[in-house]
file entry01.cif (mmCIF, N, CA and C atoms)
data_input
#
loop_
_atom_site.label_atom_id
_atom_site.label_comp_id
_atom_site.auth_asym_id
_atom_site.auth_seq_id
_atom_site.Cartn_x
_atom_site.Cartn_y
_atom_site.Cartn_z
N HIS A 1 79.32 101.38 94.35
CA HIS A 1 80.00 100.45 93.48
C HIS A 1 80.17 101.07 92.11
N ASP A 2 80.95 100.39 91.28
CA ASP A 2 81.25 100.92 89.95
C ASP A 2 80.24 100.55 88.88
N GLY A 3 79.20 99.84 89.24
CA GLY A 3 78.17 99.46 88.29
C GLY A 3 77.66 98.07 88.54
N ALA A 4 76.34 97.89 88.46
CA ALA A 4 75.71 96.60 88.73
C ALA A 4 76.20 95.52 87.77
N TYR A 5 76.62 95.91 86.58
CA TYR A 5 77.07 94.94 85.58
C TYR A 5 78.26 94.10 86.07
N ALA A 6 78.97 94.58 87.08
CA ALA A 6 80.19 93.90 87.54
C ALA A 6 79.92 92.82 88.59
N TYR A 7 78.65 92.57 88.93
CA TYR A 7 78.31 91.63 90.00
C TYR A 7 77.42 90.51 89.47
N THR A 8 77.53 89.35 90.12
CA THR A 8 76.69 88.21 89.77
C THR A 8 76.04 87.65 91.02
N VAL A 9 74.86 87.07 90.87
CA VAL A 9 74.16 86.45 91.98
C VAL A 9 75.04 85.35 92.57
N GLY A 10 75.17 85.36 93.90
CA GLY A 10 75.98 84.38 94.60
C GLY A 10 77.39 84.86 94.91
N GLN A 11 77.80 85.96 94.31
CA GLN A 11 79.15 86.49 94.53
C GLN A 11 79.33 86.91 95.98
N ARG A 12 80.50 86.59 96.55
CA ARG A 12 80.82 86.97 97.92
C ARG A 12 82.04 87.87 97.97
N LYS A 13 83.02 87.59 97.16
CA LYS A 13 84.28 88.33 97.17
C LYS A 13 84.17 89.60 96.32
N GLY A 14 84.94 90.60 96.70
CA GLY A 14 85.04 91.81 95.89
C GLY A 14 83.83 92.72 95.92
N LEU A 15 83.03 92.64 96.98
CA LEU A 15 81.84 93.49 97.05
C LEU A 15 82.18 94.92 97.47
N GLY A 16 83.33 95.12 98.08
CA GLY A 16 83.74 96.46 98.47
C GLY A 16 82.90 97.06 99.58
N LEU A 17 82.36 96.22 100.44
CA LEU A 17 81.54 96.72 101.55
C LEU A 17 82.45 97.28 102.64
N THR A 18 82.12 98.45 103.15
CA THR A 18 82.98 99.12 104.13
C THR A 18 82.66 98.74 105.56
N ARG A 19 81.46 98.18 105.80
CA ARG A 19 81.08 97.76 107.15
C ARG A 19 80.65 96.30 107.12
N PRO A 20 80.96 95.56 108.18
CA PRO A 20 80.47 94.18 108.24
C PRO A 20 78.96 94.17 108.50
N ALA A 21 78.34 93.04 108.19
CA ALA A 21 76.92 92.88 108.49
C ALA A 21 76.73 92.96 110.00
N PRO A 22 75.55 93.38 110.47
CA PRO A 22 75.31 93.46 111.92
C PRO A 22 75.60 92.16 112.67
N ASP A 23 75.35 91.01 112.02
CA ASP A 23 75.59 89.73 112.68
C ASP A 23 77.02 89.22 112.46
N GLY A 24 77.83 89.96 111.70
CA GLY A 24 79.22 89.59 111.47
C GLY A 24 79.43 88.51 110.42
N ARG A 25 78.35 87.99 109.84
CA ARG A 25 78.46 86.93 108.84
C ARG A 25 78.70 87.53 107.45
N PRO A 26 79.27 86.73 106.53
CA PRO A 26 79.50 87.23 105.17
C PRO A 26 78.20 87.57 104.46
N ARG A 27 78.28 88.47 103.51
CA ARG A 27 77.13 88.83 102.67
C ARG A 27 77.41 88.39 101.24
N TYR A 28 76.35 88.09 100.55
CA TYR A 28 76.41 87.60 99.17
C TYR A 28 75.50 88.46 98.30
N VAL A 29 75.78 88.49 97.01
CA VAL A 29 74.89 89.17 96.07
C VAL A 29 73.65 88.30 95.91
N LEU A 30 72.49 88.87 96.25
CA LEU A 30 71.21 88.16 96.13
C LEU A 30 70.50 88.51 94.84
N GLU A 31 70.70 89.75 94.38
CA GLU A 31 69.98 90.21 93.20
C GLU A 31 70.76 91.36 92.58
N VAL A 32 70.74 91.41 91.26
CA VAL A 32 71.35 92.52 90.53
C VAL A 32 70.23 93.19 89.74
N ARG A 33 70.11 94.51 89.90
CA ARG A 33 69.06 95.28 89.22
C ARG A 33 69.73 96.29 88.28
N PRO A 34 70.08 95.86 87.07
CA PRO A 34 70.82 96.74 86.16
C PRO A 34 70.04 98.00 85.78
N GLU A 35 68.71 97.90 85.72
CA GLU A 35 67.91 99.06 85.30
C GLU A 35 68.01 100.22 86.29
N THR A 36 68.29 99.92 87.58
CA THR A 36 68.45 100.97 88.60
C THR A 36 69.86 101.00 89.16
N ASN A 37 70.75 100.19 88.61
CA ASN A 37 72.15 100.10 89.03
C ASN A 37 72.27 99.72 90.51
N GLN A 38 71.40 98.82 90.97
CA GLN A 38 71.42 98.38 92.37
C GLN A 38 71.91 96.95 92.47
N VAL A 39 72.63 96.68 93.56
CA VAL A 39 73.08 95.34 93.90
C VAL A 39 72.55 95.04 95.29
N VAL A 40 71.74 93.99 95.43
CA VAL A 40 71.15 93.62 96.71
C VAL A 40 72.01 92.53 97.34
N VAL A 41 72.41 92.73 98.60
CA VAL A 41 73.23 91.74 99.29
C VAL A 41 72.50 91.26 100.54
N GLY A 42 72.89 90.07 101.02
CA GLY A 42 72.29 89.51 102.22
C GLY A 42 72.99 88.22 102.61
N PRO A 43 72.43 87.53 103.61
CA PRO A 43 73.05 86.29 104.09
C PRO A 43 72.89 85.13 103.10
N SER A 44 73.73 84.13 103.23
CA SER A 44 73.75 83.01 102.29
C SER A 44 72.43 82.26 102.20
N GLU A 45 71.69 82.16 103.31
CA GLU A 45 70.44 81.40 103.25
C GLU A 45 69.40 82.03 102.33
N LEU A 46 69.53 83.30 102.02
CA LEU A 46 68.60 83.94 101.09
C LEU A 46 68.94 83.67 99.63
N LEU A 47 70.06 83.00 99.37
CA LEU A 47 70.40 82.61 98.00
C LEU A 47 69.55 81.44 97.51
N SER A 48 69.00 80.65 98.43
CA SER A 48 68.19 79.49 98.05
C SER A 48 66.80 79.94 97.63
N VAL A 49 66.38 79.48 96.47
CA VAL A 49 65.05 79.83 95.95
C VAL A 49 64.26 78.55 95.69
N ASP A 50 62.94 78.69 95.73
CA ASP A 50 62.09 77.54 95.40
C ASP A 50 60.95 77.91 94.45
N ARG A 51 60.98 79.14 93.95
CA ARG A 51 60.01 79.59 92.95
C ARG A 51 60.77 80.28 91.83
N ILE A 52 60.44 79.91 90.60
CA ILE A 52 61.08 80.51 89.43
C ILE A 52 59.99 80.85 88.42
N SER A 53 60.14 82.01 87.79
CA SER A 53 59.28 82.39 86.67
C SER A 53 60.16 82.46 85.43
N GLY A 54 59.57 82.10 84.29
CA GLY A 54 60.33 82.11 83.05
C GLY A 54 59.55 82.75 81.92
N THR A 55 60.28 83.35 80.99
CA THR A 55 59.68 83.95 79.79
C THR A 55 60.36 83.38 78.56
N ASP A 56 59.94 83.85 77.40
CA ASP A 56 60.50 83.38 76.13
C ASP A 56 60.49 81.86 76.08
N THR A 57 59.39 81.29 76.53
CA THR A 57 59.26 79.85 76.64
C THR A 57 59.09 79.20 75.27
N VAL A 58 59.79 78.11 75.10
CA VAL A 58 59.63 77.29 73.89
C VAL A 58 59.16 75.92 74.37
N TRP A 59 57.93 75.56 74.02
CA TRP A 59 57.38 74.26 74.41
C TRP A 59 57.57 73.28 73.27
N LEU A 60 58.11 72.13 73.60
CA LEU A 60 58.30 71.07 72.61
C LEU A 60 57.22 70.01 72.73
N ALA A 61 56.43 70.09 73.80
CA ALA A 61 55.36 69.13 74.04
C ALA A 61 54.11 69.90 74.41
N ASP A 62 53.08 69.80 73.61
CA ASP A 62 51.84 70.52 73.87
C ASP A 62 50.88 69.75 74.77
N ASP A 63 51.21 68.51 75.08
CA ASP A 63 50.28 67.68 75.84
C ASP A 63 50.48 67.77 77.35
N VAL A 64 51.31 68.68 77.81
CA VAL A 64 51.56 68.84 79.25
C VAL A 64 51.54 70.31 79.63
N CYS A 65 51.51 70.56 80.91
CA CYS A 65 51.64 71.91 81.46
C CYS A 65 50.51 72.83 81.04
N ALA A 66 49.30 72.44 81.33
CA ALA A 66 48.16 73.30 81.05
C ALA A 66 48.17 74.50 81.98
N GLU A 67 47.55 75.62 81.56
CA GLU A 67 47.52 76.84 82.38
C GLU A 67 46.75 76.65 83.67
N ASP A 68 45.82 75.74 83.70
CA ASP A 68 44.95 75.62 84.87
C ASP A 68 45.45 74.64 85.93
N GLY A 69 46.62 74.05 85.76
CA GLY A 69 47.08 73.10 86.76
C GLY A 69 48.58 72.93 86.76
N TRP A 70 49.06 72.25 87.77
CA TRP A 70 50.49 71.99 87.94
C TRP A 70 50.81 70.61 87.41
N THR A 71 51.98 70.46 86.78
CA THR A 71 52.45 69.19 86.26
C THR A 71 53.76 68.84 86.95
N ASP A 72 53.89 67.59 87.40
CA ASP A 72 55.12 67.13 88.02
C ASP A 72 56.17 66.89 86.94
N VAL A 73 57.34 67.50 87.11
CA VAL A 73 58.42 67.44 86.12
C VAL A 73 59.76 67.43 86.86
N GLN A 74 60.84 67.52 86.09
CA GLN A 74 62.17 67.82 86.61
C GLN A 74 62.63 69.06 85.84
N VAL A 75 63.42 69.91 86.51
CA VAL A 75 63.97 71.07 85.83
C VAL A 75 65.48 71.10 86.05
N GLN A 76 66.16 71.65 85.08
CA GLN A 76 67.61 71.81 85.16
C GLN A 76 67.93 73.25 84.80
N VAL A 77 68.75 73.92 85.65
CA VAL A 77 69.04 75.33 85.40
C VAL A 77 70.49 75.60 85.06
N ARG A 78 71.32 74.62 85.13
CA ARG A 78 72.73 74.79 84.74
C ARG A 78 73.09 73.68 83.77
N ALA A 79 73.97 74.00 82.84
CA ALA A 79 74.34 73.02 81.82
C ALA A 79 74.83 71.72 82.44
N HIS A 80 75.56 71.80 83.53
CA HIS A 80 76.08 70.59 84.16
C HIS A 80 75.40 70.30 85.50
N GLY A 81 74.30 70.99 85.74
CA GLY A 81 73.55 70.77 86.97
C GLY A 81 72.70 69.52 86.88
N GLU A 82 72.30 69.04 88.03
CA GLU A 82 71.42 67.88 88.08
C GLU A 82 69.96 68.34 87.99
N PRO A 83 69.13 67.63 87.25
CA PRO A 83 67.70 67.95 87.27
C PRO A 83 67.14 67.74 88.67
N VAL A 84 66.23 68.62 89.07
CA VAL A 84 65.60 68.51 90.38
C VAL A 84 64.10 68.39 90.19
N PRO A 85 63.41 67.71 91.13
CA PRO A 85 61.97 67.59 91.02
C PRO A 85 61.30 68.95 91.16
N ALA A 86 60.21 69.13 90.41
CA ALA A 86 59.51 70.41 90.43
C ALA A 86 58.09 70.22 89.94
N GLN A 87 57.32 71.27 90.09
CA GLN A 87 56.00 71.36 89.47
C GLN A 87 56.02 72.60 88.60
N VAL A 88 55.38 72.52 87.45
CA VAL A 88 55.38 73.64 86.52
C VAL A 88 53.97 73.85 85.98
N ARG A 89 53.67 75.10 85.69
CA ARG A 89 52.43 75.43 85.00
C ARG A 89 52.70 76.58 84.06
N ARG A 90 51.94 76.61 82.98
CA ARG A 90 52.04 77.71 82.04
C ARG A 90 51.28 78.90 82.62
N ASP A 91 51.73 80.10 82.29
CA ASP A 91 50.94 81.29 82.60
C ASP A 91 51.08 82.26 81.43
N GLU A 92 50.44 83.41 81.56
CA GLU A 92 50.41 84.36 80.44
C GLU A 92 51.78 84.87 80.02
N SER A 93 52.75 84.87 80.94
CA SER A 93 54.09 85.37 80.58
C SER A 93 55.07 84.25 80.23
N GLY A 94 54.70 83.01 80.44
CA GLY A 94 55.61 81.91 80.13
C GLY A 94 55.34 80.70 81.00
N LEU A 95 56.11 80.59 82.10
CA LEU A 95 55.90 79.47 83.01
C LEU A 95 56.24 79.86 84.43
N VAL A 96 55.69 79.11 85.36
CA VAL A 96 55.97 79.26 86.78
C VAL A 96 56.41 77.89 87.28
N VAL A 97 57.48 77.86 88.09
CA VAL A 97 58.04 76.61 88.60
C VAL A 97 58.07 76.65 90.11
N ARG A 98 57.60 75.57 90.74
CA ARG A 98 57.77 75.35 92.18
C ARG A 98 58.78 74.22 92.32
N LEU A 99 59.95 74.53 92.86
CA LEU A 99 61.00 73.54 93.00
C LEU A 99 60.75 72.63 94.20
N GLY A 100 60.97 71.34 94.03
CA GLY A 100 60.89 70.40 95.13
C GLY A 100 62.12 70.47 96.02
N THR A 101 63.24 70.88 95.45
CA THR A 101 64.51 71.06 96.15
C THR A 101 64.99 72.48 95.87
N PRO A 102 65.14 73.32 96.91
CA PRO A 102 65.63 74.68 96.66
C PRO A 102 67.00 74.67 96.00
N LEU A 103 67.22 75.66 95.16
CA LEU A 103 68.51 75.83 94.47
C LEU A 103 69.10 77.18 94.84
N ARG A 104 70.43 77.25 94.82
CA ARG A 104 71.13 78.49 95.18
C ARG A 104 71.65 79.21 93.94
N GLY A 105 71.67 80.53 94.05
CA GLY A 105 72.33 81.34 93.04
C GLY A 105 71.66 81.36 91.68
N ILE A 106 70.35 81.27 91.63
CA ILE A 106 69.63 81.32 90.36
C ILE A 106 69.40 82.79 90.02
N ALA A 107 69.66 83.17 88.77
CA ALA A 107 69.56 84.57 88.38
C ALA A 107 68.77 84.73 87.09
N PRO A 108 68.09 85.87 86.95
CA PRO A 108 67.43 86.17 85.67
C PRO A 108 68.43 86.10 84.53
N GLY A 109 67.95 85.58 83.41
CA GLY A 109 68.80 85.43 82.23
C GLY A 109 69.33 84.02 82.03
N GLN A 110 69.35 83.23 83.11
CA GLN A 110 69.78 81.84 82.97
C GLN A 110 68.69 81.05 82.24
N SER A 111 69.08 79.95 81.66
CA SER A 111 68.15 79.07 80.97
C SER A 111 67.64 78.00 81.92
N LEU A 112 66.40 77.59 81.71
CA LEU A 112 65.78 76.54 82.50
C LEU A 112 65.17 75.53 81.52
N VAL A 113 65.47 74.26 81.70
CA VAL A 113 64.93 73.22 80.83
C VAL A 113 64.00 72.34 81.65
N VAL A 114 62.85 72.02 81.08
CA VAL A 114 61.82 71.21 81.75
C VAL A 114 61.82 69.82 81.14
N TYR A 115 61.88 68.80 82.00
CA TYR A 115 61.93 67.40 81.57
C TYR A 115 60.80 66.59 82.21
N ALA A 116 60.40 65.54 81.52
CA ALA A 116 59.60 64.45 82.09
C ALA A 116 60.43 63.21 81.82
N GLY A 117 61.16 62.76 82.84
CA GLY A 117 62.12 61.68 82.63
C GLY A 117 63.22 62.16 81.70
N SER A 118 63.43 61.46 80.58
CA SER A 118 64.45 61.88 79.61
C SER A 118 63.85 62.72 78.48
N ARG A 119 62.54 62.95 78.52
CA ARG A 119 61.85 63.72 77.48
C ARG A 119 61.91 65.22 77.79
N VAL A 120 62.44 66.01 76.86
CA VAL A 120 62.47 67.46 77.03
C VAL A 120 61.10 68.02 76.66
N LEU A 121 60.50 68.74 77.63
CA LEU A 121 59.18 69.32 77.41
C LEU A 121 59.26 70.76 76.92
N GLY A 122 60.28 71.47 77.39
CA GLY A 122 60.39 72.86 76.99
C GLY A 122 61.58 73.54 77.64
N GLN A 123 61.71 74.82 77.31
CA GLN A 123 62.83 75.64 77.80
C GLN A 123 62.31 77.05 77.98
N ALA A 124 62.90 77.77 78.95
CA ALA A 124 62.53 79.17 79.17
C ALA A 124 63.75 79.93 79.68
N THR A 125 63.67 81.24 79.59
CA THR A 125 64.68 82.11 80.19
C THR A 125 64.15 82.57 81.53
N ILE A 126 64.95 82.41 82.57
CA ILE A 126 64.51 82.78 83.92
C ILE A 126 64.36 84.29 84.00
N SER A 127 63.17 84.73 84.45
CA SER A 127 62.91 86.15 84.61
C SER A 127 62.89 86.55 86.08
N ASP A 128 62.65 85.58 86.98
CA ASP A 128 62.57 85.87 88.40
C ASP A 128 62.79 84.59 89.18
N ALA A 129 63.48 84.70 90.31
CA ALA A 129 63.70 83.56 91.20
C ALA A 129 63.57 84.06 92.62
N ARG A 130 62.74 83.39 93.42
CA ARG A 130 62.43 83.86 94.76
C ARG A 130 62.22 82.70 95.73
N ARG A 131 62.25 83.06 97.01
CA ARG A 131 61.82 82.14 98.04
C ARG A 131 60.30 82.14 98.04
N GLY A 132 59.69 81.00 98.32
CA GLY A 132 58.25 80.83 98.22
C GLY A 132 57.41 81.89 98.89
N ALA A 133 57.77 82.31 100.08
CA ALA A 133 56.96 83.29 100.79
C ALA A 133 56.97 84.65 100.12
N ALA A 134 57.97 84.91 99.28
CA ALA A 134 58.11 86.24 98.68
C ALA A 134 57.40 86.37 97.34
N GLN A 135 56.88 85.28 96.80
CA GLN A 135 56.28 85.33 95.48
C GLN A 135 54.92 84.66 95.50
N PRO A 136 53.88 85.32 95.01
CA PRO A 136 52.56 84.69 94.97
C PRO A 136 52.54 83.54 93.97
N THR A 137 51.70 82.54 94.23
CA THR A 137 51.58 81.42 93.30
C THR A 137 50.36 81.56 92.44
#
call {"tool": "encode", "arguments": {"input": "entry01.cif", "output": "structure tokens"}}
result
Amino acid sequence: HDGAYAYTVGQRKGLGLTRPAPDGRPRYVLEVRPETNQVVVGPSELLSVDRISGTDTVWLADDVCAEDGWTDVQVQVRAHGEPVPAQVRRDESGLVVRLGTPLRGIAPGQSLVVYAGSRVLGQATISDARRGAAQPT
């Protein structure tokens, strides 16, 4: 390819793949690794994630999300997306989120907002998004 910068997570068109997948199904961009100029592709079901890590966290409420436990919240990852149920905990790098409803096409660099009802608890920049089995809790 001409550079990882030209691809986004969830992209299907314009990948320039010369061979079809072994199963004949379409492939999607699952991950972009600009530091190594790699683009990871795979089937659509691998676009759904249920674990997110965030950095550059800004907490607006200090009375929730202790490092030693999980707090039930809602999170929103797109400006016009719907908040989804989740559990969140603070960690040394920012926050860790377990989604109650898997989301598709989440990529590092996107913003994540944490809510308790209509109360904004905090915000972070997504650093990693994975399927549960692929990421330790």
call {"tool": "closest_residue", "arguments": {"input": "entry01.cif", "among": "A:Val77, A:Gly94, A:Gly24, A:Tyr7", "to": "Val58 of chain A", "atoms": "only N, CA and C atoms"}}
result
A:Gly94
call {"tool": "select_by_dssp", "arguments": {"input": "entry01.cif", "residues": "segment 34-77 of chain A", "states": "strand (DSSP E or B)", "output": "PyMOL selection string"}}
result
chain A and resi 38-42+48-59+71-76
call {"tool": "write_last_selection", "arguments": {"input": "entry01.cif", "atoms": "N, CA and C atoms", "output": "PDB file, keeping the file's coordinate frame"}}
result
ATOM      1  N   GLN A  38      71.400  98.820  90.970  1.00  0.00           N
ATOM      2  CA  GLN A  38      71.420  98.380  92.370  1.00  0.00           C
ATOM      3  C   GLN A  38      71.910  96.950  92.470  1.00  0.00           C
ATOM      4  N   VAL A  39      72.630  96.680  93.560  1.00  0.00           N
ATOM      5  CA  VAL A  39      73.080  95.340  93.900  1.00  0.00           C
ATOM      6  C   VAL A  39      72.550  95.040  95.290  1.00  0.00           C
ATOM      7  N   VAL A  40      71.740  93.990  95.430  1.00  0.00           N
ATOM      8  CA  VAL A  40      71.150  93.620  96.710  1.00  0.00           C
ATOM      9  C   VAL A  40      72.010  92.530  97.340  1.00  0.00           C
ATOM     10  N   VAL A  41      72.410  92.730  98.600  1.00  0.00           N
ATOM     11  CA  VAL A  41      73.230  91.740  99.290  1.00  0.00           C
ATOM     12  C   VAL A  41      72.500  91.260 100.540  1.00  0.00           C
ATOM     13  N   GLY A  42      72.890  90.070 101.020  1.00  0.00           N
ATOM     14  CA  GLY A  42      72.290  89.510 102.220  1.00  0.00           C
ATOM     15  C   GLY A  42      72.990  88.220 102.610  1.00  0.00           C
ATOM     16  N   SER A  48      69.000  80.650  98.430  1.00  0.00           N
ATOM     17  CA  SER A  48      68.190  79.490  98.050  1.00  0.00           C
ATOM     18  C   SER A  48      66.800  79.940  97.630  1.00  0.00           C
ATOM     19  N   VAL A  49      66.380  79.480  96.470  1.00  0.00           N
ATOM     20  CA  VAL A  49      65.050  79.830  95.950  1.00  0.00           C
ATOM     21  C   VAL A  49      64.260  78.550  95.690  1.00  0.00           C
ATOM     22  N   ASP A  50      62.940  78.690  95.730  1.00  0.00           N
ATOM     23  CA  ASP A  50      62.090  77.540  95.400  1.00  0.00           C
ATOM     24  C   ASP A  50      60.950  77.910  94.450  1.00  0.00           C
ATOM     25  N   ARG A  51      60.980  79.140  93.950  1.00  0.00           N
ATOM     26  CA  ARG A  51      60.010  79.590  92.950  1.00  0.00           C
ATOM     27  C   ARG A  51      60.770  80.280  91.830  1.00  0.00           C
ATOM     28  N   ILE A  52      60.440  79.910  90.600  1.00  0.00           N
ATOM     29  CA  ILE A  52      61.080  80.510  89.430  1.00  0.00           C
ATOM     30  C   ILE A  52      59.990  80.850  88.420  1.00  0.00           C
ATOM     31  N   SER A  53      60.140  82.010  87.790  1.00  0.00           N
ATOM     32  CA  SER A  53      59.280  82.390  86.670  1.00  0.00           C
ATOM     33  C   SER A  53      60.160  82.460  85.430  1.00  0.00           C
ATOM     34  N   GLY A  54      59.570  82.100  84.290  1.00  0.00           N
ATOM     35  CA  GLY A  54      60.330  82.110  83.050  1.00  0.00           C
ATOM     36  C   GLY A  54      59.550  82.750  81.920  1.00  0.00           C
ATOM     37  N   THR A  55      60.280  83.350  80.990  1.00  0.00           N
ATOM     38  CA  THR A  55      59.680  83.950  79.790  1.00  0.00           C
ATOM     39  C   THR A  55      60.360  83.380  78.560  1.00  0.00           C
ATOM     40  N   ASP A  56      59.940  83.850  77.400  1.00  0.00           N
ATOM     41  CA  ASP A  56      60.500  83.380  76.130  1.00  0.00           C
ATOM     42  C   ASP A  56      60.490  81.860  76.080  1.00  0.00           C
ATOM     43  N   THR A  57      59.390  81.290  76.530  1.00  0.00           N
ATOM     44  CA  THR A  57      59.260  79.850  76.640  1.00  0.00           C
ATOM     45  C   THR A  57      59.090  79.200  75.270  1.00  0.00           C
ATOM     46  N   VAL A  58      59.790  78.110  75.100  1.00  0.00           N
ATOM     47  CA  VAL A  58      59.630  77.290  73.890  1.00  0.00           C
ATOM     48  C   VAL A  58      59.160  75.920  74.370  1.00  0.00           C
ATOM     49  N   TRP A  59      57.930  75.560  74.020  1.00  0.00           N
ATOM     50  CA  TRP A  59      57.380  74.260  74.410  1.00  0.00           C
ATOM     51  C   TRP A  59      57.570  73.280  73.270  1.00  0.00           C
ATOM     52  N   THR A  71      51.980  70.460  86.780  1.00  0.00           N
ATOM     53  CA  THR A  71      52.450  69.190  86.260  1.00  0.00           C
ATOM     54  C   THR A  71      53.760  68.840  86.950  1.00  0.00           C
ATOM     55  N   ASP A  72      53.890  67.590  87.400  1.00  0.00           N
ATOM     56  CA  ASP A  72      55.120  67.130  88.020  1.00  0.00           C
ATOM     57  C   ASP A  72      56.170  66.890  86.940  1.00  0.00           C
ATOM     58  N   VAL A  73      57.340  67.500  87.110  1.00  0.00           N
ATOM     59  CA  VAL A  73      58.420  67.440  86.120  1.00  0.00           C
ATOM     60  C   VAL A  73      59.760  67.430  86.860  1.00  0.00           C
ATOM     61  N   GLN A  74      60.840  67.520  86.090  1.00  0.00           N
ATOM     62  CA  GLN A  74      62.170  67.820  86.610  1.00  0.00           C
ATOM     63  C   GLN A  74      62.630  69.060  85.840  1.00  0.00           C
ATOM     64  N   VAL A  75      63.420  69.910  86.510  1.00  0.00           N
ATOM     65  CA  VAL A  75      63.970  71.070  85.830  1.00  0.00           C
ATOM     66  C   VAL A  75      65.480  71.100  86.050  1.00  0.00           C
ATOM     67  N   GLN A  76      66.160  71.650  85.080  1.00  0.00           N
ATOM     68  CA  GLN A  76      67.610  71.810  85.160  1.00  0.00           C
ATOM     69  C   GLN A  76      67.930  73.250  84.800  1.00  0.00           C
TER      70      GLN A  76
END
call {"tool": "atom_distance", "arguments": {"input": "entry01.cif", "atom1": "atom CA of Val32 of chain A", "atom2": "atom CA of Tyr115 of chain A"}}
result
28.3 Å
call {"tool": "atom_distance", "arguments": {"input": "entry01.cif", "atom1": "atom N of Val73 of chain A", "atom2": "atom N of Asp91 of chain A"}}
result
14.6 Å
call {"tool": "resolve_selection", "arguments": {"input": "entry01.cif", "expression": "the PyMOL selection byres ((chain A and resi 93) around 6.5)", "output": "VMD selection string"}}
result
chain A and resid 54 to 57 90 to 92 94 to 95
